[in-house]
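The data block below is final.tsv; it holds TSV, C-alpha atoms.
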chain	number	residue	atom	x	y	z
A	147	MET	CA	14.32	-61.74	-19.07
A	148	THR	CA	13.60	-61.29	-15.47
A	149	TYR	CA	14.84	-58.47	-13.35
A	150	ARG	CA	16.25	-59.04	-9.91
A	151	SER	CA	14.58	-56.13	-8.22
A	152	SER	CA	11.56	-55.50	-10.38
A	153	ARG	CA	9.82	-53.92	-7.38
A	154	PHE	CA	12.24	-51.02	-7.42
A	155	LEU	CA	12.06	-50.19	-11.09
A	156	PRO	CA	11.56	-46.52	-11.81
A	157	PHE	CA	8.96	-47.44	-14.39
A	158	PRO	CA	6.99	-50.59	-15.20
A	159	PRO	CA	9.06	-53.31	-16.96
A	160	PRO	CA	8.97	-53.46	-20.76
A	161	PHE	CA	6.24	-55.67	-22.14
A	162	GLU	CA	7.16	-59.11	-23.36
A	163	SER	CA	4.41	-59.21	-25.94
A	164	ALA	CA	2.04	-56.87	-27.66
A	165	GLU	CA	-0.89	-58.52	-25.90
A	166	GLN	CA	0.56	-57.76	-22.54
A	167	GLU	CA	0.94	-54.17	-23.48
A	168	ASP	CA	-2.71	-53.90	-24.35
A	169	HIS	CA	-3.98	-55.53	-21.18
A	170	CYS	CA	-1.51	-54.08	-18.73
A	171	GLN	CA	-3.09	-51.94	-16.06
A	172	TYR	CA	-0.38	-49.33	-16.43
A	173	SER	CA	-0.94	-48.76	-20.09
A	174	GLU	CA	-4.53	-47.75	-19.56
A	175	GLY	CA	-4.59	-44.03	-19.64
A	176	ARG	CA	-0.87	-43.91	-20.25
A	177	ARG	CA	0.13	-41.80	-23.16
A	178	PRO	CA	3.42	-40.43	-24.30
A	179	MET	CA	4.13	-37.37	-22.15
A	180	ALA	CA	4.03	-34.19	-24.14
A	181	PRO	CA	6.76	-31.73	-23.19
A	182	LYS	CA	4.20	-29.49	-21.46
A	183	ASP	CA	2.81	-32.26	-19.22
A	184	ARG	CA	6.04	-33.14	-17.46
A	185	LYS	CA	6.08	-32.19	-13.82
A	186	PRO	CA	9.41	-30.76	-12.73
A	187	HIS	CA	11.36	-33.73	-11.36
A	188	VAL	CA	12.40	-33.78	-7.72
A	189	SER	CA	15.88	-35.11	-7.05
A	190	ARG	CA	16.10	-38.78	-6.17
A	191	ASN	CA	19.24	-38.05	-4.16
A	192	PRO	CA	18.37	-36.19	-0.97
A	193	ASP	CA	21.02	-33.85	0.49
A	194	LEU	CA	22.75	-34.87	3.69
A	195	ILE	CA	24.37	-31.48	3.83
A	196	ARG	CA	24.56	-28.97	1.02
A	197	GLY	CA	26.79	-30.48	-1.62
A	198	VAL	CA	26.77	-34.04	-0.26
A	199	GLY	CA	24.13	-36.47	-1.45
A	200	LYS	CA	22.92	-39.50	0.39
A	201	TYR	CA	23.61	-41.96	-2.43
A	202	SER	CA	26.85	-42.70	-4.21
A	203	ARG	CA	27.32	-42.58	-7.96
A	204	SER	CA	26.80	-46.29	-8.38
A	205	LYS	CA	23.72	-46.27	-6.21
A	206	MET	CA	22.30	-43.37	-8.20
A	207	TYR	CA	23.04	-45.21	-11.42
A	208	HIS	CA	20.91	-48.01	-10.12
A	209	LYS	CA	18.17	-45.75	-8.78
A	210	ARG	CA	17.79	-43.86	-12.03
A	211	GLY	CA	17.32	-47.14	-13.80
A	212	LEU	CA	19.97	-46.47	-16.38
A	213	TRP	CA	20.68	-50.21	-16.33
A	214	ALA	CA	17.06	-50.83	-17.34
A	215	ILE	CA	17.19	-48.26	-20.11
A	216	LYS	CA	20.36	-49.86	-21.41
A	217	ALA	CA	18.85	-53.31	-21.19
A	218	LYS	CA	15.79	-52.12	-23.10
A	219	ASN	CA	18.06	-50.77	-25.78
A	220	GLY	CA	20.21	-53.88	-26.02
A	221	GLY	CA	23.28	-53.14	-23.90
A	222	ALA	CA	24.11	-49.57	-24.80
A	223	PHE	CA	22.53	-46.27	-23.91
A	224	PRO	CA	20.11	-45.19	-26.65
A	225	LYS	CA	21.66	-42.69	-28.95
A	226	HIS	CA	19.71	-40.36	-31.14
A	227	GLU	CA	21.17	-38.99	-34.29
A	228	LYS	CA	22.01	-35.35	-34.18
A	229	LYS	CA	19.72	-33.18	-36.18
A	230	ALA	CA	21.49	-32.05	-39.31
A	231	VAL	CA	22.50	-28.46	-38.85
A	232	ALA	CA	22.13	-26.38	-41.97
A	233	ALA	CA	25.50	-25.06	-43.01
A	234	ALA	CA	25.78	-21.39	-42.06
A	235	PRO	CA	26.23	-19.14	-45.11
A	236	ALA	CA	29.87	-18.16	-45.57
A	237	GLU	CA	30.52	-14.80	-43.92
A	238	LYS	CA	32.45	-12.27	-45.93
A	239	PRO	CA	35.23	-10.52	-44.07
A	240	PRO	CA	34.15	-6.92	-43.31
A	241	LYS	CA	35.55	-4.34	-45.69
A	242	PHE	CA	36.00	-1.72	-42.97
A	243	TYR	CA	37.68	-2.05	-39.63
A	244	PRO	CA	37.35	1.04	-37.39
A	245	ALA	CA	40.61	2.59	-36.27
A	246	ASP	CA	39.78	2.57	-32.56
A	247	ASP	CA	37.90	-0.06	-30.67
A	248	VAL	CA	34.46	1.34	-30.06
A	249	LYS	CA	32.75	0.16	-26.91
A	250	LYS	CA	29.32	-1.28	-27.42
A	251	PRO	CA	26.76	0.11	-25.00
A	252	LEU	CA	25.35	-2.44	-22.60
A	253	VAL	CA	22.00	-3.99	-23.35
A	254	ASN	CA	19.13	-2.22	-21.57
A	255	LYS	CA	16.01	-4.32	-21.33
A	256	ARG	CA	14.10	-2.02	-18.97
A	257	LYS	CA	10.56	-1.23	-19.93
A	258	ALA	CA	9.05	2.11	-19.13
A	259	ARG	CA	5.95	1.79	-17.03
A	260	PRO	CA	3.72	4.33	-15.31
A	261	THR	CA	4.81	5.48	-11.85
A	262	LYS	CA	3.66	3.24	-9.06
A	263	LEU	CA	0.50	4.74	-7.63
A	264	ARG	CA	0.52	5.28	-3.87
A	265	ALA	CA	-1.86	2.94	-2.09
A	266	SER	CA	-3.64	5.91	-0.54
A	267	ILE	CA	-4.65	7.25	-3.96
A	268	THR	CA	-7.74	5.51	-5.38
A	269	PRO	CA	-10.31	6.84	-7.88
A	270	GLY	CA	-12.41	9.40	-6.04
A	271	THR	CA	-9.78	10.42	-3.50
A	272	VAL	CA	-9.60	14.10	-2.61
A	273	LEU	CA	-6.05	15.33	-3.26
A	274	ILE	CA	-4.35	18.52	-2.14
A	275	ILE	CA	-2.22	20.05	-4.90
A	276	LEU	CA	0.99	21.44	-3.51
A	277	ALA	CA	2.59	23.36	-6.35
A	278	GLY	CA	1.75	25.28	-9.45
A	279	ARG	CA	-1.11	27.58	-10.24
A	280	PHE	CA	-3.57	25.60	-8.16
A	281	LYS	CA	-1.49	25.09	-5.06
A	282	GLY	CA	-3.56	24.41	-2.00
A	283	LYS	CA	-6.61	23.43	-3.99
A	284	ARG	CA	-8.49	20.34	-2.98
A	285	VAL	CA	-9.27	18.32	-6.03
A	286	VAL	CA	-10.86	14.98	-7.00
A	287	PHE	CA	-8.69	12.21	-8.46
A	288	LEU	CA	-10.11	10.41	-11.49
A	289	LYS	CA	-7.51	8.01	-12.84
A	290	GLN	CA	-3.85	7.48	-13.55
A	291	LEU	CA	-2.81	7.98	-17.17
A	292	THR	CA	-0.32	5.78	-18.98
A	293	SER	CA	2.38	8.39	-18.57
A	294	GLY	CA	2.04	8.05	-14.79
A	295	LEU	CA	0.44	11.45	-14.27
A	296	LEU	CA	-2.81	11.69	-12.36
A	297	LEU	CA	-5.97	12.89	-14.10
A	298	VAL	CA	-7.71	15.29	-11.79
A	299	THR	CA	-10.68	17.64	-11.85
A	300	GLY	CA	-11.85	20.43	-9.47
A	301	PRO	CA	-14.73	20.04	-10.31
A	302	PHE	CA	-14.40	23.23	-12.34
A	303	LYS	CA	-17.57	24.85	-11.03
A	304	ILE	CA	-16.55	24.32	-7.44
A	305	ASN	CA	-12.96	25.47	-7.37
A	306	GLY	CA	-11.86	26.42	-10.88
A	307	VAL	CA	-9.57	23.46	-11.45
A	308	PRO	CA	-10.32	21.96	-14.90
A	309	LEU	CA	-9.59	18.45	-16.11
A	310	ARG	CA	-5.87	18.45	-15.63
A	311	ARG	CA	-2.83	16.26	-15.26
A	312	VAL	CA	-0.87	16.41	-12.03
A	313	ASN	CA	2.26	14.65	-10.89
A	314	GLN	CA	1.86	12.30	-7.97
A	315	ALA	CA	4.85	13.82	-6.21
A	316	TYR	CA	3.18	17.22	-5.87
A	317	VAL	CA	0.08	15.92	-4.20
A	318	ILE	CA	-1.06	15.01	-0.70
A	319	ALA	CA	-3.68	12.28	-0.65
A	320	THR	CA	-6.38	12.79	1.96
A	321	SER	CA	-8.47	9.95	3.24
A	322	THR	CA	-11.70	11.58	2.02
A	323	LYS	CA	-13.24	9.73	-0.92
A	324	VAL	CA	-15.90	10.89	-3.36
A	325	ASP	CA	-18.19	8.49	-5.16
A	326	ILE	CA	-16.95	8.42	-8.73
A	327	SER	CA	-19.03	5.62	-10.18
A	328	GLY	CA	-21.17	7.86	-12.39
A	329	VAL	CA	-18.19	9.31	-14.23
A	330	ASN	CA	-16.79	7.95	-17.48
A	331	VAL	CA	-13.12	8.78	-17.91
A	332	GLU	CA	-12.29	6.32	-20.67
A	333	LYS	CA	-11.70	8.91	-23.36
A	334	PHE	CA	-9.03	10.89	-21.53
A	335	ASP	CA	-5.41	10.03	-22.16
A	336	ASP	CA	-2.12	11.86	-22.49
A	337	LYS	CA	-2.75	12.77	-26.11
A	338	TYR	CA	-5.89	14.68	-25.12
A	339	PHE	CA	-3.72	16.99	-23.05
A	340	GLY	CA	-0.84	17.30	-25.42
A	341	LYS	CA	0.05	20.58	-27.13
A	342	LYS	CA	-1.65	21.05	-30.47
A	343	VAL	CA	0.79	21.09	-33.39
A	344	GLU	CA	-0.10	23.84	-35.85
A	345	LYS	CA	0.75	23.74	-39.49
A	346	LYS	CA	3.48	26.18	-40.37
A	347	LYS	CA	2.15	29.19	-42.19
A	348	LYS	CA	4.18	30.75	-44.89
A	349	LYS	CA	5.66	33.97	-43.69
A	350	GLY	CA	4.56	36.96	-45.66
A	351	GLU	CA	6.16	40.12	-44.33
A	352	GLY	CA	3.03	42.21	-44.14
A	353	GLU	CA	0.91	39.42	-42.84
A	354	PHE	CA	3.41	38.39	-40.21
A	355	PHE	CA	2.36	40.83	-37.49
A	356	GLU	CA	-1.33	40.46	-38.11
A	357	ALA	CA	-1.11	36.70	-37.86
A	358	GLU	CA	0.51	36.97	-34.43
A	359	LYS	CA	-2.36	39.02	-33.09
A	360	GLU	CA	-5.02	36.62	-34.28
A	361	GLU	CA	-3.60	33.66	-32.39
A	362	LYS	CA	-5.76	33.37	-29.37
A	363	ASN	CA	-5.72	30.54	-26.93
A	364	THR	CA	-9.41	29.80	-26.69
A	365	LEU	CA	-10.37	26.44	-25.32
A	366	PRO	CA	-12.19	24.41	-27.98
A	367	GLN	CA	-15.86	23.85	-27.26
A	368	ASP	CA	-15.58	20.05	-27.11
A	369	LYS	CA	-13.17	20.28	-24.20
A	370	LYS	CA	-15.60	22.52	-22.37
A	371	ASP	CA	-18.33	19.97	-22.98
A	372	ASP	CA	-16.12	17.16	-21.70
A	373	GLN	CA	-15.56	19.14	-18.52
A	374	LYS	CA	-19.28	19.63	-18.09
A	375	THR	CA	-20.17	15.97	-18.53
A	376	VAL	CA	-17.50	14.80	-16.12
A	377	ASP	CA	-18.42	17.37	-13.54
A	378	ALA	CA	-22.17	16.83	-13.73
A	379	ALA	CA	-22.01	13.36	-12.23
A	380	LEU	CA	-19.33	14.38	-9.76
A	381	ILE	CA	-21.14	17.41	-8.44
A	382	ALA	CA	-24.22	15.31	-7.81
A	383	SER	CA	-22.29	12.90	-5.60
A	384	ILE	CA	-20.42	15.75	-3.91
A	385	GLU	CA	-23.59	17.55	-2.91
A	386	ALA	CA	-24.82	14.38	-1.28
A	387	VAL	CA	-22.19	14.81	1.44
A	388	PRO	CA	-22.74	17.82	3.73
A	389	ASP	CA	-20.00	20.46	3.67
A	390	LEU	CA	-17.99	18.62	1.02
A	391	LYS	CA	-18.72	21.26	-1.62
A	392	SER	CA	-17.39	24.11	0.51
A	393	TYR	CA	-14.46	21.88	1.53
A	394	LEU	CA	-13.46	21.42	-2.10
A	395	GLY	CA	-13.94	25.12	-2.72
A	396	ALA	CA	-11.55	26.12	0.06
A	397	ARG	CA	-7.78	26.11	-0.23
A	398	PHE	CA	-5.58	24.21	2.19
A	399	SER	CA	-3.00	26.13	4.18
A	400	LEU	CA	-0.82	25.45	7.18
A	401	LYS	CA	-1.88	27.44	10.20
A	402	ALA	CA	-0.08	28.10	13.44
A	403	GLY	CA	0.51	24.98	15.45
A	404	MET	CA	-0.06	22.56	12.57
A	405	LYS	CA	2.79	20.13	12.27
A	406	PRO	CA	2.67	18.40	8.87
A	407	HIS	CA	4.48	15.33	10.10
A	408	GLU	CA	1.90	14.88	12.85
A	409	LEU	CA	-1.19	15.72	10.79
A	410	VAL	CA	-3.42	12.94	9.64
A	411	PHE	CA	-4.68	13.66	6.16
B	20	MET	CA	0.94	19.56	51.25
B	21	PRO	CA	0.68	15.86	52.14
B	22	PHE	CA	0.80	13.22	49.45
B	23	LYS	CA	-2.58	11.95	48.36
B	24	ARG	CA	-1.69	9.27	45.78
B	25	TYR	CA	0.42	6.45	47.16
B	26	VAL	CA	2.23	3.60	45.49
B	27	GLU	CA	0.39	0.57	46.79
B	28	VAL	CA	-0.91	-2.74	45.55
B	29	GLY	CA	-4.00	-1.91	43.50
B	30	ARG	CA	-3.04	1.63	42.53
B	31	ILE	CA	-3.92	2.41	38.91
B	32	ALA	CA	-1.16	4.23	37.06
B	33	LEU	CA	-0.74	5.69	33.59
B	34	VAL	CA	2.34	4.68	31.63
B	35	ASN	CA	4.06	7.82	30.40
B	36	TYR	CA	7.07	6.41	28.54
B	37	GLY	CA	7.96	3.39	26.49
B	38	LYS	CA	6.24	0.70	24.51
B	39	ASP	CA	3.03	0.80	26.55
B	40	TYR	CA	2.74	4.59	26.47
B	41	GLY	CA	-0.75	5.79	27.38
B	42	LYS	CA	-1.95	2.56	28.94
B	43	LEU	CA	-3.60	2.22	32.31
B	44	VAL	CA	-1.90	-0.41	34.45
B	45	VAL	CA	-2.37	-1.77	37.96
B	46	ILE	CA	0.52	-1.87	40.42
B	47	VAL	CA	0.45	-5.43	41.54
B	48	ASP	CA	3.61	-5.57	43.66
B	49	VAL	CA	6.57	-3.41	44.59
B	50	ILE	CA	9.93	-4.93	43.63
B	51	ASP	CA	12.35	-2.46	45.17
B	52	GLN	CA	12.81	1.23	45.65
B	53	ASN	CA	12.57	1.99	41.95
B	54	ARG	CA	10.48	-0.69	40.32
B	55	ALA	CA	7.01	-2.09	40.51
B	56	LEU	CA	5.43	-5.22	39.15
B	57	VAL	CA	2.69	-4.02	36.89
B	58	ASP	CA	-0.19	-5.73	35.12
B	59	ALA	CA	-3.07	-4.90	32.77
B	60	PRO	CA	-5.71	-7.01	31.07
B	61	ASP	CA	-4.06	-6.69	27.65
B	62	MET	CA	-0.40	-7.08	28.56
B	63	VAL	CA	1.97	-9.60	30.08
B	64	ARG	CA	2.69	-8.85	33.72
B	65	GLY	CA	6.13	-7.23	34.00
B	66	GLN	CA	8.29	-4.80	35.86
B	67	MET	CA	8.32	-1.09	35.29
B	68	ASN	CA	10.32	1.74	36.75
B	69	PHE	CA	8.28	4.21	38.78
B	70	LYS	CA	9.65	6.95	36.61
B	71	ARG	CA	7.63	5.52	33.75
B	72	LEU	CA	4.42	5.65	35.73
B	73	THR	CA	2.14	8.48	36.72
B	74	LEU	CA	-0.16	7.61	39.61
B	75	THR	CA	-3.87	8.25	39.30
B	76	ASP	CA	-6.57	8.68	41.91
B	77	ILE	CA	-8.08	5.29	41.21
B	78	LYS	CA	-7.35	2.32	43.46
B	79	ILE	CA	-8.77	-1.17	43.36
B	80	ASP	CA	-9.02	-3.80	46.03
B	81	ILE	CA	-6.72	-6.70	45.22
B	82	LYS	CA	-4.31	-8.93	47.06
B	83	ARG	CA	-0.59	-8.85	46.20
B	84	VAL	CA	0.04	-10.36	42.70
B	85	PRO	CA	-3.38	-11.74	41.81
B	86	ASN	CA	-3.75	-13.99	38.76
B	87	LYS	CA	-5.05	-12.49	35.58
B	88	LYS	CA	-8.61	-13.70	36.00
B	89	THR	CA	-8.93	-12.20	39.50
B	90	LEU	CA	-7.33	-8.99	38.32
B	91	VAL	CA	-9.73	-8.59	35.39
B	92	ALA	CA	-12.69	-9.35	37.68
B	93	ALA	CA	-11.52	-6.77	40.21
B	94	LEU	CA	-11.11	-4.16	37.47
B	95	GLU	CA	-14.63	-4.87	36.24
B	96	ALA	CA	-16.04	-4.71	39.76
B	97	ALA	CA	-14.42	-1.34	40.49
B	98	ASP	CA	-15.52	-0.06	37.03
B	99	VAL	CA	-12.09	1.46	36.46
B	100	LYS	CA	-12.66	2.14	32.77
B	101	ASN	CA	-15.73	4.30	33.28
B	102	LYS	CA	-14.25	6.08	36.29
B	103	TRP	CA	-11.20	6.95	34.23
B	104	GLU	CA	-13.09	8.07	31.14
B	105	SER	CA	-15.40	10.29	33.20
B	106	SER	CA	-12.56	11.89	35.16
B	107	SER	CA	-11.33	15.20	33.79
B	108	TRP	CA	-7.84	13.77	33.18
B	109	GLY	CA	-9.28	10.86	31.25
B	110	ARG	CA	-11.55	13.11	29.22
B	111	LYS	CA	-8.66	15.36	28.30
B	112	LEU	CA	-6.69	12.41	26.99
B	113	ILE	CA	-9.61	11.24	24.92
B	114	VAL	CA	-9.98	14.68	23.37
B	115	GLN	CA	-6.25	14.82	22.62
B	116	LYS	CA	-6.43	11.45	20.86
B	117	LYS	CA	-9.45	12.52	18.85
B	118	ARG	CA	-7.79	15.74	17.76
B	119	ALA	CA	-4.67	13.89	16.67
B	120	SER	CA	-6.66	11.48	14.53
B	121	LEU	CA	-8.68	14.13	12.70
B	122	ASN	CA	-8.89	13.98	8.94
B	123	ASP	CA	-8.33	17.09	6.79
B	124	PHE	CA	-12.07	17.12	6.06
B	125	ASP	CA	-12.85	16.78	9.77
B	126	ARG	CA	-10.67	19.76	10.55
B	127	PHE	CA	-12.55	21.77	7.94
B	128	LYS	CA	-15.90	20.78	9.42
B	129	ILE	CA	-14.70	21.73	12.89
B	130	MET	CA	-13.62	25.13	11.59
B	131	LEU	CA	-17.08	25.71	10.17
B	132	ALA	CA	-18.68	24.63	13.43
B	133	LYS	CA	-16.44	26.94	15.47
B	134	ILE	CA	-17.30	29.90	13.28
B	135	LYS	CA	-21.00	29.12	13.59
B	136	LYS	CA	-20.80	28.77	17.36
B	137	ALA	CA	-18.88	32.02	17.67
B	138	GLY	CA	-21.51	33.73	15.57
B	139	VAL	CA	-24.32	32.51	17.79
B	140	VAL	CA	-22.46	33.53	20.95
B	141	ARG	CA	-21.75	36.97	19.55
B	142	GLN	CA	-25.41	37.46	18.68
B	143	GLU	CA	-26.52	36.59	22.18
B	144	LEU	CA	-23.87	38.86	23.65
B	145	ALA	CA	-25.02	41.70	21.44
B	146	LYS	CA	-28.58	41.16	22.63
B	147	LEU	CA	-27.50	41.23	26.26
B	148	LYS	CA	-25.47	44.37	25.72
B	149	LYS	CA	-28.44	46.02	24.11
B	150	GLU	CA	-30.64	45.14	27.06
B	151	THR	CA	-28.25	46.51	29.65
B	152	THR	CA	-27.68	49.78	27.82
B	153	ALA	CA	-31.35	50.24	27.05

Before we go any further, please render this structure as C-alpha cells.
Amino acid sequence: MTYRSSRFLPFPPPFESAEQEDHCQYSEGRRPMAPKDRKPHVSRNPDLIRGVGKYSRSKMYHKRGLWAIKAKNGGAFPKHEKKAVAAAPAEKPPKFYPADDVKKPLVNKRKARPTKLRASITPGTVLIILAGRFKGKRVVFLKQLTSGLLLVTGPFKINGVPLRRVNQAYVIATSTKVDISGVNVEKFDDKYFGKKVEKKKKKGEGEFFEAEKEEKNTLPQDKKDDQKTVDAALIASIEAVPDLKSYLGARFSLKAGMKPHELVF
Amino acid sequence: MPFKRYVEVGRIALVNYGKDYGKLVVIVDVIDQNRALVDAPDMVRGQMNFKRLTLTDIKIDIKRVPNKKTLVAALEAADVKNKWESSSWGRKLIVQKKRASLNDFDRFKIMLAKIKKAGVVRQELAKLKKETTA
C-alpha cells in the first residue's frame, strides 16, 4: 500500500517486511516510549483567537493521522479490551441511620509549617527583644526551631539572657551580625525547652506539705554546661569586634527625638 | 537687602520636593514665570516649578540648553560637586544623611564616643579652672 501524502505522516510508515524494520534508519535507537519519557504534546491546532482553531475537524483528523492508525489496524480504530474490574464486595445496608443529617466538616489539607523567617533575620543577627522579662535586651540569634520560635542566647555572661526561645513577632532585627560559625546548635529543639513532666506522687497527708517545700526549680547541670559551650565560641567572636560586648550588655530604649519608623536598625 | 542668587542659565539649584528630592540640578532655560527647564547628569532634562527648587550660590558657565555632553563637561570644569560638598550647606546635608542611615550599633558607638569626648573636655576645663583660681 502506498500513501498519497507520505511526506506528511505524523510518524514513519509501517514497515512492509521485517527486514525493512531492521534496516530502517528510524528504528535505530527507537524504542517503545515508556510513560515517563513522553514529552507533553503541543497542540497541532494553533489558536486563531481563543476558542477558535486554525484547522477544521476534518483537517485535524488528517493531521493527527487517525486515518493511518486505522489503516494500520485494518479499517477500524484499534480497540483494547477493558481491564476486568473485580466485582466490588456487596455492601450491607447500614443498621443505623442518624435522625438528623449531620454535616461533614470540610476536608482540611493544610500542613503546619514553621513561621516564615523574616529575610533580615539570619544566624548571628543581633536581635532586640521587645517584650517579656528581657525586654530591651540585645541578643544573638542562633536558629529557628521547628515550632517557628527563634532560638536565642545573650550570651548569658554578657547580658544574662540564657538559651531561650523567642517569638519572631516580639523582636526587632538589627543589621549587626555576629560570626556564629564556631557554635553547634544541632542538639537544641523544642523538646529541650519543654516543661518537665513529673511523675505523680501519692499524696500522704503528713508528707503533703513537706513535699511542696522540697520542690525547687534548680536548673539541671547539663543545661548549664550547654549554655557554657554555646557561649564560649560566641564570646570569642564577639570580643573580636570592638564595643560589641558592651553593646550587647546594654539595653535598648527609645530616647527623645527617636522616631521608630525613621530609625534604621 | 538685595537679592544675591538669581535664576539664570547655569544656576545650580537643589530640588526640595518631589521625585528628585535632594538632587542638585542645573537651570538650563527659563520656560515662563513659574517654570524652568532643568537638567542633571543622572536625569532626563525636564521642566520644574521654581517652587520645587532652592537656589544655591554655585553658578556654571553654559549656553542656553546645552546638550548633555557639554553640560557634564561644564559641571566637571567648574568642579561643582566638590564646591557643594565643601560648602557648609552641603556638609550639613551630608551629615543629616549619615545620621539617618545609622545602624543601632553605630548609634551605640557614637554614644560611647560622645561620653568619652565630654569626659576629656571636662578634664581640660577642670585643669583650666584650677589654674585660674590658683

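The coordinates place atom CA of Leu147 of chain B at 26.9 Å from atom CA of Ile129 of chain B.
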
Original post:
Which residue, A:Ile267, A:Ile326, A:Ala382, A:Val272, has the smallest gap to chain B when you use all atoms listed in the file?
Top reply: A:Val272

Original post:
Restricting the calculation to only C-alpha atoms, which member of A:Ile384, A:Ala217, A:Ile275, A:Leu297 is positioned closest to Val324 of chain A?
Top reply: A:Ile384

When you get a sec, could you note down which chain A residues fall within 12 Å of chain B, using all atoms listed in the file, as a CSV table (one decimal) with C-alpha atoms, keeping the file's coordinate frame?
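Produced file iface_18.csv, reproduced below:
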chain,number,residue,atom,x,y,z
A,271,THR,CA,-9.8,10.4,-3.5
A,272,VAL,CA,-9.6,14.1,-2.6
A,273,LEU,CA,-6.0,15.3,-3.3
A,274,ILE,CA,-4.4,18.5,-2.1
A,284,ARG,CA,-8.5,20.3,-3.0
A,318,ILE,CA,-1.1,15.0,-0.7
A,319,ALA,CA,-3.7,12.3,-0.6
A,320,THR,CA,-6.4,12.8,2.0
A,321,SER,CA,-8.5,10.0,3.2
A,322,THR,CA,-11.7,11.6,2.0
A,323,LYS,CA,-13.2,9.7,-0.9
A,324,VAL,CA,-15.9,10.9,-3.4
A,387,VAL,CA,-22.2,14.8,1.4
A,388,PRO,CA,-22.7,17.8,3.7
A,389,ASP,CA,-20.0,20.5,3.7
A,390,LEU,CA,-18.0,18.6,1.0
A,391,LYS,CA,-18.7,21.3,-1.6
A,392,SER,CA,-17.4,24.1,0.5
A,393,TYR,CA,-14.5,21.9,1.5
A,394,LEU,CA,-13.5,21.4,-2.1
A,395,GLY,CA,-13.9,25.1,-2.7
A,396,ALA,CA,-11.6,26.1,0.1
A,397,ARG,CA,-7.8,26.1,-0.2
A,398,PHE,CA,-5.6,24.2,2.2
A,399,SER,CA,-3.0,26.1,4.2
A,400,LEU,CA,-0.8,25.4,7.2
A,401,LYS,CA,-1.9,27.4,10.2
A,404,MET,CA,-0.1,22.6,12.6
A,405,LYS,CA,2.8,20.1,12.3
A,406,PRO,CA,2.7,18.4,8.9
A,407,HIS,CA,4.5,15.3,10.1
A,408,GLU,CA,1.9,14.9,12.8
A,409,LEU,CA,-1.2,15.7,10.8
A,410,VAL,CA,-3.4,12.9,9.6
A,411,PHE,CA,-4.7,13.7,6.2

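Interatomic distance, atom CA of Gly221 of chain A to atom CA of Lys209 of chain A: 17.6 Å.
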
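Coordinates place atom CA of Trp103 of chain B at a distance of 27.2 Å from atom CA of Gln52 of chain B.
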
Subject >> Given only C-alpha atoms as the counted atoms, nearest of B:Val26, B:Leu33, B:Val139, B:Val49 to Leu112 of chain B >> reply: B:Leu33

**OP:** Fewer than 4 positions away in the same chain doesn't count, so skip those; otherwise give me all residues within 6 Å of Phe287 of chain A, counting all atoms listed in the file, as a PyMOL selection string.
**Re:** chain A and resi 269-271+298

With C-alpha atoms kept, could you save the residues just selected as an mmCIF file, keeping the file's coordinate frame?
data_model
loop_
_atom_site.group_PDB
_atom_site.id
_atom_site.type_symbol
_atom_site.label_atom_id
_atom_site.label_comp_id
_atom_site.auth_asym_id
_atom_site.auth_seq_id
_atom_site.Cartn_x
_atom_site.Cartn_y
_atom_site.Cartn_z
ATOM 1 C CA PRO A 269 -10.310 6.840 -7.880
ATOM 2 C CA GLY A 270 -12.410 9.400 -6.040
ATOM 3 C CA THR A 271 -9.780 10.420 -3.500
ATOM 4 C CA VAL A 298 -7.710 15.290 -11.790
#

Edge lengths and centre in Å, axis-aligned, segment 294-310 of chain A plus 8 Å each side, as lines of an AutoDock Vina configuration file:
center_x = -7.8
center_y = 17.2
center_z = -11.7
size_x = 35.6
size_y = 34.4
size_z = 24.7

For Lys200 of chain A, work out the shell of residues within 12 Å, counting all atoms listed in the file and skipping chain neighbours fewer than 5 positions away, then give it as a compact mmCIF listing (two decimals) with C-alpha atoms, in the coordinates of the input.
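Resulting contents of selection33.txt:
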# COMPACT_ATOMS: atom_id res chain seq x y z
CA SER A 189 15.88 -35.11 -7.05
CA ARG A 190 16.10 -38.78 -6.17
CA ASN A 191 19.24 -38.05 -4.16
CA PRO A 192 18.37 -36.19 -0.97
CA ASP A 193 21.02 -33.85 0.49
CA LEU A 194 22.75 -34.87 3.69
CA ILE A 195 24.37 -31.48 3.83
CA LYS A 205 23.72 -46.27 -6.21
CA MET A 206 22.30 -43.37 -8.20

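Omitting Glu332 of chain A and its sequence neighbours fewer than 2 positions away, and counting only C-alpha atoms, the residues within 12 Å are Leu288, Lys289, Gln290, Leu291, Leu297, Val329, Asn330, Phe334, Asp335, Asp336, Tyr338, Asp372 and Val376 of chain A.
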
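With all atoms listed in the file as the atoms that count, the minimum distance from Leu43 of chain B to the choices B:Met130, B:Ala97, B:Leu72, B:Met20 is reached by B:Leu72.
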
Subject >> Selected residue, from B:Val47, B:Val99, B:Ile31, B:Ala55, that lies nearest to Arg83 of chain B when counting all atoms listed in the file >> reply: B:Val47

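Of the listed residues (A:Leu296, A:Ala236, A:Val343, A:Val285), A:Leu296 comes nearest to Pro260 of chain A; the distances count only C-alpha atoms.
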